[in-house]
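Colleague: Structure in structure tokens, see below.
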Amino acid sequence: MLYLGDTQTARERGLIASDMRQGEWRIVCDGTCAFICAKSGMGAAYGVTDFLAKYANYRFLTIDGDDPFTVNPQASVPVCDYRNKHAIYERHFSTGDRGHMKTTRAYLPDYLRRLGLQHSAEVEPAVRPSVACGGYCHTYLRYCPLEKYAKDHPEYFSMFDDGTRHTSAPTMLCLSNPEVLDIVTERMLACIAEDREKYGKNAPSLYDFSQSDCCEFICHCPKCRAISEKYGSDMGLQLTFVNELARRVARKYPDVFIRIFAYVSTEVIPKGIRPEPNVMIWYCDLYSLSDHQLPLTHPFNKARYDLLREWKAIAPKFELWDYMLTEDDFPQVSVDALAADARLFHSLGIDRIYHESQMGGQAFWELEYYVMSRMYLDPDYDLEKAIDEYCTVYGRGAPAMRRAIDGLRKAIAENPPKSMESWHRRGLPWRTVEVMSAFRKCVREAYDAETRPKMRARIALALQIVDLELYRLGASGDWEFMKRGVGETSTTYVHEKGSNFRFVW
């Protein structure tokens with residue numbers, strides 16, 4: 001008999017779930033019954049995933065749910081008692097989905113939850129971000145709205161170098177203006193009061209006040225510019241404003257903390273000013289300045305690695321915004337970087353990560369999510385074992401697909417970009433006819449070895465992507481194969497010579 005959640009039978013056995021965190025679970029088997037104990041649906045879901053992987057050799061590997069499985073009536077659950085939670089506890093995944101059909105996008109939240117990658121609104125109030133202001137991030141203008149103030153008070157918003165105030169989005173706030181501080185304070189206190197009335201003791205404690213996107217500076221009015229120059233960074237200007245905001249909020253709500261970005265012009269650590277104890281720094285490892293296919297500790301990423309460590313050392317509360325933007329339409333795999341970075345983040349004591357990914361039409365995005373799910377749970381998990389576990393989705397083509405993946409990993413590791421600009425433009429030394437031809441040879445071998453439609457279609461996607469790359473590189477590839485596609489479930493390209501490619505389903 002298997003008991004799931006905070007059941008009466010579990011409590012009668014002394015298995016108390018009330019002292020667990022929301023995302024924790026405990027698996028107990030006494031030889032007659034098995035218990036997956038948790039106090040929330042989130043923890044129970046993660047416990048089921050863990051239980052099935054450990055004792056039924058079943059893993060959630062694909063968004064389609066056609067995961068490989070074996071039936072073994074003789075299998076048994078050994079006597080055990082262990083309690084678990086994710087090493088990186090507070091996780092939020094923002095998944096772009098360009099090129100994917102609507103139903104695939106609809107399945108993503110459930111898929112991520114099964115993997116254990118997606119937290120929910122059930123997390124503890126102490127770590128839950130409020131959305132009472134109307135946004136999750138980039139919230140400056142949520143507290144001082146353009147539609148309310150731009151017409152009569154343009155001085156509340158960013159001044160450009162030509163002396164004009166920018167009163168249409170995207171723009172920032174004039175953080176040296178005392179009236180703006182009063183407006184933001186009043187609005188934030190109102191949001192906190194609204195949450196306390198609505199949620200009571202379960203009200204959130206985190207309030208985001210983060211700069212607008214797509215802006216290279218905060219404000220260049222004489223007063224703002226003088227403050228930024230004094231501290232050597234726009235972060236000095238932001239902290240001057242936010243530290244006073246934090247002090248005002250703390251007088252009434254000492255348990256509340258305020259989250260701000262270290263992002264674009266505010267990522268440089270200021271001189272002579274530090275965040276208040278109730279200010280959280282949300283550091284963004286900018287995708288244009290860091291090669292996400294190489295570990296952050298790689299020499300190519302040294303500047304970003306150093307900056308991360310410096311911010312973590314001085315911020316009383318810290319969150320990381322990480323990126324995995326694999327929407328490019330050429331073969332790539334980032335598992336080595338993902339595993340190494342998860343271990344690094346855990347070693348630095350980072351347990352809050354917002355992960356932005358673009359999966360596009362990549363052949364290995366499910367593999368990358370699976371690797372992250374293992375590493376965020378247990379950073380010591382064997383990466384090679386995780387890759388082997390995922391490759392079972394290729395059926396009889398698994399050995400050849402593993403060789404294809406390993407060849408690509410080797411090429412990426414041994415041929416880093418020549419410069420950050422070349423990385424940003426994807427001018428990568430390993431994107432050669434030789435590398436892609438070797439990759440294609442292995443994938444074609446896998447395709448020929450597996451005949452079952454869904455598994456073959458998954459392999460076919462890798463073939464189509466590499467053929468497009470070979471065509472781009474001036475090699476022949478198998479253009480007719482790429483046009484034709486394989487089976488009803490495979491992804492095929494629609495093309496016109498000289499035009500962009502797009503996926504259709």
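Following the order of the structure tokens, first chain is A, next is B, and so on, with residues numbered from 1 inside each chain and ligands from 1 in the order they appear.
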Which residues are near segment 262-273 of chain A? Cut-off 6 Å, only C-alpha atoms, ignore same chain within fewer than 5 positions. Put them as a PyMOL selection string.
Modeller: chain A and resi 217+231-236+282-284
Colleague: How would the residues just picked look written out with all heavy atoms as a PDB file, in the first residue's frame?
Modeller:
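Here's the written file part-v2.pdb:
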```pdb
ATOM      1  N   PHE A 217      20.392  53.258 -19.033  1.00  0.00           N
ATOM      2  CA  PHE A 217      20.735  54.055 -17.859  1.00  0.00           C
ATOM      3  C   PHE A 217      19.445  54.378 -17.118  1.00  0.00           C
ATOM      4  O   PHE A 217      18.341  54.189 -17.642  1.00  0.00           O
ATOM      5  CB  PHE A 217      21.467  55.342 -18.260  1.00  0.00           C
ATOM      6  CG  PHE A 217      20.677  56.238 -19.175  1.00  0.00           C
ATOM      7  CD1 PHE A 217      19.805  57.207 -18.667  1.00  0.00           C
ATOM      8  CD2 PHE A 217      20.785  56.116 -20.552  1.00  0.00           C
ATOM      9  CE1 PHE A 217      19.069  58.024 -19.507  1.00  0.00           C
ATOM     10  CE2 PHE A 217      20.051  56.916 -21.410  1.00  0.00           C
ATOM     11  CZ  PHE A 217      19.188  57.886 -20.882  1.00  0.00           C
ATOM     12  N   TYR A 231      29.162  57.397  -6.713  1.00  0.00           N
ATOM     13  CA  TYR A 231      29.353  55.997  -6.317  1.00  0.00           C
ATOM     14  C   TYR A 231      29.950  55.131  -7.435  1.00  0.00           C
ATOM     15  O   TYR A 231      30.183  53.938  -7.240  1.00  0.00           O
ATOM     16  CB  TYR A 231      28.028  55.399  -5.866  1.00  0.00           C
ATOM     17  CG  TYR A 231      27.480  56.042  -4.616  1.00  0.00           C
ATOM     18  CD1 TYR A 231      26.344  56.846  -4.655  1.00  0.00           C
ATOM     19  CD2 TYR A 231      28.112  55.858  -3.392  1.00  0.00           C
ATOM     20  CE1 TYR A 231      25.837  57.433  -3.501  1.00  0.00           C
ATOM     21  CE2 TYR A 231      27.622  56.448  -2.228  1.00  0.00           C
ATOM     22  CZ  TYR A 231      26.485  57.233  -2.303  1.00  0.00           C
ATOM     23  OH  TYR A 231      25.996  57.825  -1.152  1.00  0.00           O
ATOM     24  N   GLY A 232      30.161  55.720  -8.608  1.00  0.00           N
ATOM     25  CA  GLY A 232      30.788  54.987  -9.700  1.00  0.00           C
ATOM     26  C   GLY A 232      29.886  54.026 -10.427  1.00  0.00           C
ATOM     27  O   GLY A 232      30.364  53.166 -11.182  1.00  0.00           O
ATOM     28  N   SER A 233      28.572  54.146 -10.252  1.00  0.00           N
ATOM     29  CA  SER A 233      27.637  53.206 -10.867  1.00  0.00           C
ATOM     30  C   SER A 233      26.214  53.699 -10.686  1.00  0.00           C
ATOM     31  O   SER A 233      25.898  54.344  -9.681  1.00  0.00           O
ATOM     32  CB  SER A 233      27.792  51.821 -10.225  1.00  0.00           C
ATOM     33  OG  SER A 233      26.724  50.955 -10.592  1.00  0.00           O
ATOM     34  N   ASP A 234      25.362  53.375 -11.631  1.00  0.00           N
ATOM     35  CA  ASP A 234      23.928  53.643 -11.447  1.00  0.00           C
ATOM     36  C   ASP A 234      23.370  52.875 -10.255  1.00  0.00           C
ATOM     37  O   ASP A 234      22.313  53.235  -9.732  1.00  0.00           O
ATOM     38  CB  ASP A 234      23.150  53.255 -12.712  1.00  0.00           C
ATOM     39  CG  ASP A 234      22.972  54.424 -13.670  1.00  0.00           C
ATOM     40  OD1 ASP A 234      23.413  55.541 -13.341  1.00  0.00           O
ATOM     41  OD2 ASP A 234      22.389  54.214 -14.755  1.00  0.00           O
ATOM     42  N   MET A 235      24.040  51.802  -9.831  1.00  0.00           N
ATOM     43  CA  MET A 235      23.590  51.094  -8.633  1.00  0.00           C
ATOM     44  C   MET A 235      23.673  51.999  -7.413  1.00  0.00           C
ATOM     45  O   MET A 235      22.839  51.900  -6.505  1.00  0.00           O
ATOM     46  CB  MET A 235      24.412  49.832  -8.414  1.00  0.00           C
ATOM     47  CG  MET A 235      24.028  49.055  -7.159  1.00  0.00           C
ATOM     48  SD  MET A 235      22.274  48.561  -7.075  1.00  0.00           S
ATOM     49  CE  MET A 235      22.332  46.974  -7.891  1.00  0.00           C
ATOM     50  N   GLY A 236      24.652  52.896  -7.366  1.00  0.00           N
ATOM     51  CA  GLY A 236      24.728  53.854  -6.264  1.00  0.00           C
ATOM     52  C   GLY A 236      23.503  54.746  -6.209  1.00  0.00           C
ATOM     53  O   GLY A 236      22.967  55.034  -5.125  1.00  0.00           O
ATOM     54  N   TRP A 282      19.077  41.190  -7.011  1.00  0.00           N
ATOM     55  CA  TRP A 282      18.733  40.204  -8.039  1.00  0.00           C
ATOM     56  C   TRP A 282      19.723  40.378  -9.180  1.00  0.00           C
ATOM     57  O   TRP A 282      19.520  41.188 -10.076  1.00  0.00           O
ATOM     58  CB  TRP A 282      17.304  40.442  -8.509  1.00  0.00           C
ATOM     59  CG  TRP A 282      16.661  39.296  -9.228  1.00  0.00           C
ATOM     60  CD1 TRP A 282      17.206  38.101  -9.546  1.00  0.00           C
ATOM     61  CD2 TRP A 282      15.315  39.264  -9.734  1.00  0.00           C
ATOM     62  NE1 TRP A 282      16.300  37.311 -10.213  1.00  0.00           N
ATOM     63  CE2 TRP A 282      15.129  37.998 -10.327  1.00  0.00           C
ATOM     64  CE3 TRP A 282      14.266  40.167  -9.723  1.00  0.00           C
ATOM     65  CZ2 TRP A 282      13.929  37.630 -10.928  1.00  0.00           C
ATOM     66  CZ3 TRP A 282      13.066  39.804 -10.323  1.00  0.00           C
ATOM     67  CH2 TRP A 282      12.891  38.553 -10.910  1.00  0.00           C
ATOM     68  N   TYR A 283      20.805  39.607  -9.135  1.00  0.00           N
ATOM     69  CA  TYR A 283      21.888  39.752 -10.104  1.00  0.00           C
ATOM     70  C   TYR A 283      21.578  38.977 -11.376  1.00  0.00           C
ATOM     71  O   TYR A 283      21.254  37.787 -11.327  1.00  0.00           O
ATOM     72  CB  TYR A 283      23.210  39.256  -9.500  1.00  0.00           C
ATOM     73  CG  TYR A 283      24.319  39.130 -10.509  1.00  0.00           C
ATOM     74  CD1 TYR A 283      24.961  40.260 -11.006  1.00  0.00           C
ATOM     75  CD2 TYR A 283      24.710  37.887 -10.997  1.00  0.00           C
ATOM     76  CE1 TYR A 283      25.972  40.155 -11.942  1.00  0.00           C
ATOM     77  CE2 TYR A 283      25.723  37.763 -11.937  1.00  0.00           C
ATOM     78  CZ  TYR A 283      26.348  38.910 -12.405  1.00  0.00           C
ATOM     79  OH  TYR A 283      27.338  38.791 -13.338  1.00  0.00           O
ATOM     80  N   CYS A 284      21.702  39.649 -12.519  1.00  0.00           N
ATOM     81  CA  CYS A 284      21.444  39.014 -13.814  1.00  0.00           C
ATOM     82  C   CYS A 284      22.766  38.737 -14.527  1.00  0.00           C
ATOM     83  O   CYS A 284      23.523  39.664 -14.814  1.00  0.00           O
ATOM     84  CB  CYS A 284      20.581  39.917 -14.693  1.00  0.00           C
ATOM     85  SG  CYS A 284      18.948  40.231 -14.047  1.00  0.00           S
TER      86      CYS A 284
END
```
Colleague: Compile the contact shell of segment 108-116 of chain A as a VMD selection string: residues with an atom at most 10 Å away, counting only C-alpha atoms, same-chain residues fewer than 6 positions apart removed.
Modeller: chain A and resid 23 42 to 43 45 to 50 59 to 65 86 91 to 95 97 366 369 to 374 376 to 377
Colleague: Next, dump the selected residues to file, keeping only N, CA, C and O atoms, as a compact mmCIF listing (two decimals), in the first residue's frame.
Modeller:
```txt
# COMPACT_ATOMS: atom_id res chain seq x y z
N GLY A 23 8.17 22.51 -0.25
CA GLY A 23 8.66 21.69 -1.35
C GLY A 23 9.42 20.46 -0.91
O GLY A 23 10.02 19.78 -1.74
N MET A 42 2.76 20.45 -3.94
CA MET A 42 4.05 20.61 -4.60
C MET A 42 5.04 19.57 -4.08
O MET A 42 5.69 18.85 -4.85
N GLY A 43 5.17 19.45 -2.75
CA GLY A 43 6.08 18.47 -2.17
C GLY A 43 5.70 17.05 -2.53
O GLY A 43 6.57 16.20 -2.80
N ALA A 45 4.12 16.07 -5.25
CA ALA A 45 4.46 15.85 -6.67
C ALA A 45 5.94 15.55 -6.83
O ALA A 45 6.33 14.63 -7.57
N TYR A 46 6.77 16.31 -6.15
CA TYR A 46 8.21 16.06 -6.23
C TYR A 46 8.55 14.69 -5.64
O TYR A 46 9.43 13.98 -6.14
N GLY A 47 7.87 14.32 -4.56
CA GLY A 47 8.12 13.03 -3.93
C GLY A 47 7.76 11.88 -4.84
O GLY A 47 8.47 10.86 -4.88
N VAL A 48 6.66 12.01 -5.59
CA VAL A 48 6.27 10.96 -6.53
C VAL A 48 7.33 10.80 -7.62
O VAL A 48 7.72 9.68 -7.99
N THR A 49 7.81 11.93 -8.16
CA THR A 49 8.86 11.87 -9.17
C THR A 49 10.10 11.15 -8.64
O THR A 49 10.68 10.28 -9.30
N ASP A 50 10.48 11.49 -7.41
CA ASP A 50 11.64 10.88 -6.79
C ASP A 50 11.42 9.38 -6.55
O ASP A 50 12.30 8.55 -6.82
N ARG A 59 11.25 7.68 -15.23
CA ARG A 59 11.62 9.09 -15.14
C ARG A 59 10.81 9.91 -16.12
O ARG A 59 10.50 9.45 -17.21
N PHE A 60 10.50 11.12 -15.70
CA PHE A 60 9.79 12.05 -16.58
C PHE A 60 10.82 12.72 -17.48
O PHE A 60 11.53 13.63 -17.06
N LEU A 61 10.89 12.28 -18.72
CA LEU A 61 11.94 12.74 -19.62
C LEU A 61 11.41 13.61 -20.76
O LEU A 61 12.14 14.45 -21.28
N THR A 62 10.17 13.41 -21.16
CA THR A 62 9.65 14.08 -22.35
C THR A 62 8.39 14.86 -22.04
O THR A 62 7.59 14.48 -21.17
N ILE A 63 8.21 15.92 -22.77
CA ILE A 63 7.00 16.72 -22.58
C ILE A 63 5.77 15.98 -23.10
O ILE A 63 4.64 16.20 -22.64
N ASP A 64 5.97 15.06 -24.04
CA ASP A 64 4.86 14.28 -24.59
C ASP A 64 4.35 13.22 -23.62
O ASP A 64 3.25 12.70 -23.78
N GLY A 65 5.17 12.87 -22.62
CA GLY A 65 4.76 11.84 -21.67
C GLY A 65 4.96 10.43 -22.17
O GLY A 65 4.47 9.48 -21.56
N HIS A 86 15.04 20.13 -2.64
CA HIS A 86 15.96 20.56 -3.68
C HIS A 86 17.10 21.37 -3.07
O HIS A 86 16.88 22.22 -2.21
N ARG A 91 13.05 28.08 -6.99
CA ARG A 91 13.34 28.05 -8.42
C ARG A 91 12.14 28.57 -9.19
O ARG A 91 11.00 28.24 -8.87
N HIS A 92 12.42 29.35 -10.19
CA HIS A 92 11.34 29.78 -11.08
C HIS A 92 11.87 29.73 -12.51
O HIS A 92 12.91 30.29 -12.80
N PHE A 93 11.14 29.05 -13.39
CA PHE A 93 11.58 28.88 -14.77
C PHE A 93 10.66 29.64 -15.71
O PHE A 93 9.46 29.43 -15.74
N SER A 94 11.27 30.55 -16.45
CA SER A 94 10.56 31.28 -17.49
C SER A 94 10.95 30.67 -18.83
O SER A 94 12.11 30.75 -19.24
N THR A 95 10.01 30.03 -19.50
CA THR A 95 10.32 29.25 -20.69
C THR A 95 9.75 29.91 -21.93
O THR A 95 8.55 30.01 -22.10
N ASP A 97 9.02 29.88 -25.96
CA ASP A 97 8.56 28.73 -26.73
C ASP A 97 8.35 29.09 -28.19
O ASP A 97 7.45 28.61 -28.83
N GLU A 366 14.92 19.06 -23.98
CA GLU A 366 14.42 18.19 -22.92
C GLU A 366 15.58 17.57 -22.13
O GLU A 366 15.49 17.42 -20.90
N TYR A 369 16.77 20.26 -19.69
CA TYR A 369 15.87 20.39 -18.54
C TYR A 369 16.01 19.20 -17.59
O TYR A 369 15.96 19.36 -16.37
N TYR A 370 16.19 18.01 -18.16
CA TYR A 370 16.34 16.85 -17.29
C TYR A 370 17.62 16.95 -16.46
O TYR A 370 17.62 16.65 -15.26
N VAL A 371 18.70 17.35 -17.10
CA VAL A 371 19.96 17.53 -16.37
C VAL A 371 19.80 18.56 -15.25
O VAL A 371 20.24 18.34 -14.12
N MET A 372 19.14 19.67 -15.55
CA MET A 372 18.91 20.67 -14.50
C MET A 372 18.07 20.10 -13.37
O MET A 372 18.32 20.40 -12.19
N SER A 373 17.08 19.30 -13.71
CA SER A 373 16.22 18.75 -12.66
C SER A 373 17.02 17.87 -11.71
O SER A 373 16.77 17.85 -10.50
N ARG A 374 18.00 17.13 -12.24
CA ARG A 374 18.84 16.29 -11.38
C ARG A 374 19.80 17.15 -10.55
O ARG A 374 19.98 16.89 -9.36
N TYR A 376 19.68 20.45 -9.75
CA TYR A 376 19.08 21.37 -8.78
C TYR A 376 18.58 20.60 -7.56
O TYR A 376 18.46 21.16 -6.48
N LEU A 377 18.27 19.33 -7.76
CA LEU A 377 17.90 18.48 -6.62
C LEU A 377 19.15 18.04 -5.86
O LEU A 377 19.21 18.15 -4.63
```
Colleague: Let's see if you can do this: from backbone DSSP, list all strand (DSSP E or B) residues in segment 128-292 of chain A, as a list of chain:residue names.
Modeller: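 Output for segment 128-292 of chain A, strand (DSSP E or B) only: A:Pro129, A:Phe157, A:Met159, A:Arg165, A:Leu173, A:Leu206, A:Tyr207, A:Asp208, A:Phe257, A:Ile258, A:Arg259, A:Ile260, A:Phe261, A:Ala262, A:Val279, A:Met280, A:Ile281, A:Trp282, A:Tyr283, A:Cys284.
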Colleague: Grab the atom CA of Met375 of chain A to atom CA of Arg343 of chain A distance for me, in Å with one decimal place.
Modeller: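 Going from atom CA of Met375 of chain A over to atom CA of Arg343 of chain A covers 7.4 Å.
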Colleague: When DSSP works through the backbone of this structure, what residues of segment 227-470 of chain A end up as alpha helix (DSSP H), shown as a ChimeraX atom specification?
Modeller: /A:227-231,234-252,302-314,335-347,365-377,383-391,398-414,420-424,433-449,453-470
Colleague: Near Leu296 of chain A, within 8 Å and counting only C-alpha atoms, which residues show up once chain neighbours fewer than 6 positions away are dropped, as a compact mmCIF listing (two decimals) with C-alpha atoms, in the first residue's frame?
Modeller:
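The resulting file, selection36.txt, is shown below:
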```
# COMPACT_ATOMS: atom_id res chain seq x y z
CA SER A 290 28.31 35.19 -20.77
CA LYS A 302 35.78 35.03 -15.84
CA ARG A 304 30.87 37.34 -15.05
CA TYR A 305 32.05 34.74 -12.54
CA ALA A 337 27.73 24.16 -18.29
CA ALA A 340 28.92 22.80 -13.43
CA ASP A 341 26.93 25.97 -12.77
```
Colleague: Write out as CSV the residues of segment 352-466 of chain A that have any atom within 10 Å of an atom of segment 67-72 of chain A, one row each with the nearest atom pair and its distance in Å to one decimal, counting only C-alpha atoms, sorted by chain and then rising number.
Modeller:
```
residue,atom,partner,partner_atom,distance
A:Glu389,CA,A:Pro68,CA,9.8
A:Tyr390,CA,A:Asp67,CA,9.3
A:Cys391,CA,A:Pro68,CA,9.9
A:Thr392,CA,A:Pro68,CA,6.6
A:Val393,CA,A:Pro68,CA,6.2
A:Tyr394,CA,A:Pro68,CA,9.1
A:Gly395,CA,A:Pro68,CA,8.1
A:Met455,CA,A:Pro68,CA,9.9
```
Colleague: Would you output that residue set with N, CA and C atoms, as an mmCIF file, in the first residue's frame?
Modeller:
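again04.cif, freshly written:
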```cif
data_model
loop_
_atom_site.group_PDB
_atom_site.id
_atom_site.type_symbol
_atom_site.label_atom_id
_atom_site.label_comp_id
_atom_site.auth_asym_id
_atom_site.auth_seq_id
_atom_site.Cartn_x
_atom_site.Cartn_y
_atom_site.Cartn_z
ATOM 1 N N GLU A 389 20.468 8.270 -18.864
ATOM 2 C CA GLU A 389 19.050 8.100 -18.524
ATOM 3 C C GLU A 389 18.170 8.780 -19.558
ATOM 4 N N TYR A 390 18.543 9.984 -19.963
ATOM 5 C CA TYR A 390 17.726 10.668 -20.951
ATOM 6 C C TYR A 390 17.773 9.977 -22.310
ATOM 7 N N CYS A 391 18.934 9.477 -22.698
ATOM 8 C CA CYS A 391 19.086 8.897 -24.035
ATOM 9 C C CYS A 391 18.207 7.668 -24.260
ATOM 10 N N THR A 392 17.606 7.142 -23.219
ATOM 11 C CA THR A 392 16.674 6.033 -23.416
ATOM 12 C C THR A 392 15.478 6.444 -24.268
ATOM 13 N N VAL A 393 15.216 7.754 -24.394
ATOM 14 C CA VAL A 393 14.089 8.203 -25.229
ATOM 15 C C VAL A 393 14.353 7.931 -26.707
ATOM 16 N N TYR A 394 15.592 7.591 -27.061
ATOM 17 C CA TYR A 394 15.925 7.304 -28.456
ATOM 18 C C TYR A 394 15.854 5.813 -28.775
ATOM 19 N N GLY A 395 15.444 5.010 -27.802
ATOM 20 C CA GLY A 395 15.278 3.587 -28.047
ATOM 21 C C GLY A 395 16.556 2.931 -28.525
ATOM 22 N N MET A 455 9.936 7.777 -31.325
ATOM 23 C CA MET A 455 11.367 7.827 -31.043
ATOM 24 C C MET A 455 12.141 8.259 -32.282
#
```
Colleague: What's the 12 Å shell around segment 147-155 of chain A, counting only C-alpha atoms, without same-chain residues fewer than 5 positions away, as a tab-separated table (two decimals) with N, CA and C atoms, in the first residue's frame?
Modeller:
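Final file, part.tsv:
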```
chain	number	residue	atom	x	y	z
A	141	LEU	N	7.74	51.18	-13.10
A	141	LEU	CA	6.59	51.96	-13.56
A	141	LEU	C	5.27	51.43	-13.03
A	142	ARG	N	5.29	50.29	-12.31
A	142	ARG	CA	4.09	49.80	-11.64
A	142	ARG	C	3.80	50.64	-10.40
A	160	PHE	N	16.98	62.28	-20.63
A	160	PHE	CA	17.99	61.85	-21.58
A	160	PHE	C	19.10	62.90	-21.67
A	163	GLY	N	18.45	66.55	-22.44
A	163	GLY	CA	17.70	67.36	-21.49
A	163	GLY	C	16.20	67.12	-21.50
A	164	THR	N	15.71	66.22	-22.35
A	164	THR	CA	14.28	65.94	-22.40
A	164	THR	C	13.93	64.78	-21.46
A	165	ARG	N	12.72	64.82	-20.93
A	165	ARG	CA	12.21	63.72	-20.11
A	165	ARG	C	11.53	62.71	-21.01
A	166	HIS	N	11.82	61.45	-20.77
A	166	HIS	CA	11.23	60.39	-21.60
A	166	HIS	C	9.99	59.86	-20.88
A	167	THR	N	8.83	60.17	-21.43
A	167	THR	CA	7.57	59.84	-20.75
A	167	THR	C	6.75	58.80	-21.49
A	168	SER	N	7.43	57.89	-22.17
A	168	SER	CA	6.76	56.74	-22.77
A	168	SER	C	7.66	55.53	-22.57
A	169	ALA	N	7.04	54.37	-22.46
A	169	ALA	CA	7.81	53.15	-22.20
A	169	ALA	C	8.63	52.77	-23.44
A	171	THR	N	11.08	53.44	-20.14
A	171	THR	CA	11.79	54.51	-19.47
A	171	THR	C	11.98	54.12	-18.01
A	172	MET	N	12.74	54.94	-17.30
A	172	MET	CA	12.99	54.70	-15.88
A	172	MET	C	12.36	55.83	-15.06
A	173	LEU	N	12.67	55.84	-13.77
A	173	LEU	CA	12.22	56.90	-12.88
A	173	LEU	C	13.38	57.82	-12.55
A	174	CYS	N	13.08	59.07	-12.23
A	174	CYS	CA	14.08	60.01	-11.74
A	174	CYS	C	14.25	59.75	-10.24
A	175	LEU	N	15.26	59.00	-9.88
A	175	LEU	CA	15.39	58.52	-8.51
A	175	LEU	C	15.95	59.55	-7.54
A	176	SER	N	16.32	60.72	-8.04
A	176	SER	CA	16.74	61.79	-7.13
A	176	SER	C	15.58	62.70	-6.74
A	177	ASN	N	14.42	62.47	-7.34
A	177	ASN	CA	13.25	63.31	-7.07
A	177	ASN	C	12.56	62.83	-5.79
A	178	PRO	N	12.49	63.66	-4.74
A	178	PRO	CA	11.88	63.20	-3.48
A	178	PRO	C	10.40	62.86	-3.61
A	179	GLU	N	9.71	63.49	-4.55
A	179	GLU	CA	8.30	63.18	-4.73
A	179	GLU	C	8.12	61.75	-5.28
A	180	VAL	N	9.04	61.31	-6.12
A	180	VAL	CA	8.98	59.94	-6.63
A	180	VAL	C	9.16	58.95	-5.47
A	183	ILE	N	5.89	58.74	-3.63
A	183	ILE	CA	4.88	58.01	-4.40
A	183	ILE	C	5.13	56.51	-4.34
A	219	CYS	N	18.75	57.61	-15.10
A	219	CYS	CA	18.35	59.00	-15.36
A	219	CYS	C	19.61	59.85	-15.46
A	220	HIS	N	19.62	60.75	-16.42
A	220	HIS	CA	20.77	61.62	-16.62
A	220	HIS	C	20.48	63.07	-16.29
A	221	CYS	N	19.50	63.30	-15.41
A	221	CYS	CA	19.32	64.67	-14.93
A	221	CYS	C	20.54	65.01	-14.07
A	223	LYS	N	21.06	65.93	-10.99
A	223	LYS	CA	21.11	65.36	-9.64
A	223	LYS	C	21.36	63.85	-9.69
A	224	CYS	N	20.64	63.14	-10.55
A	224	CYS	CA	20.85	61.69	-10.66
A	224	CYS	C	22.25	61.37	-11.16
```
Colleague: Record the distance separating atom CA of Ile260 of chain A and atom CA of Asn243 of chain A, expressed in Å with one decimal.
Modeller: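 So the answer is 10.6 Å.
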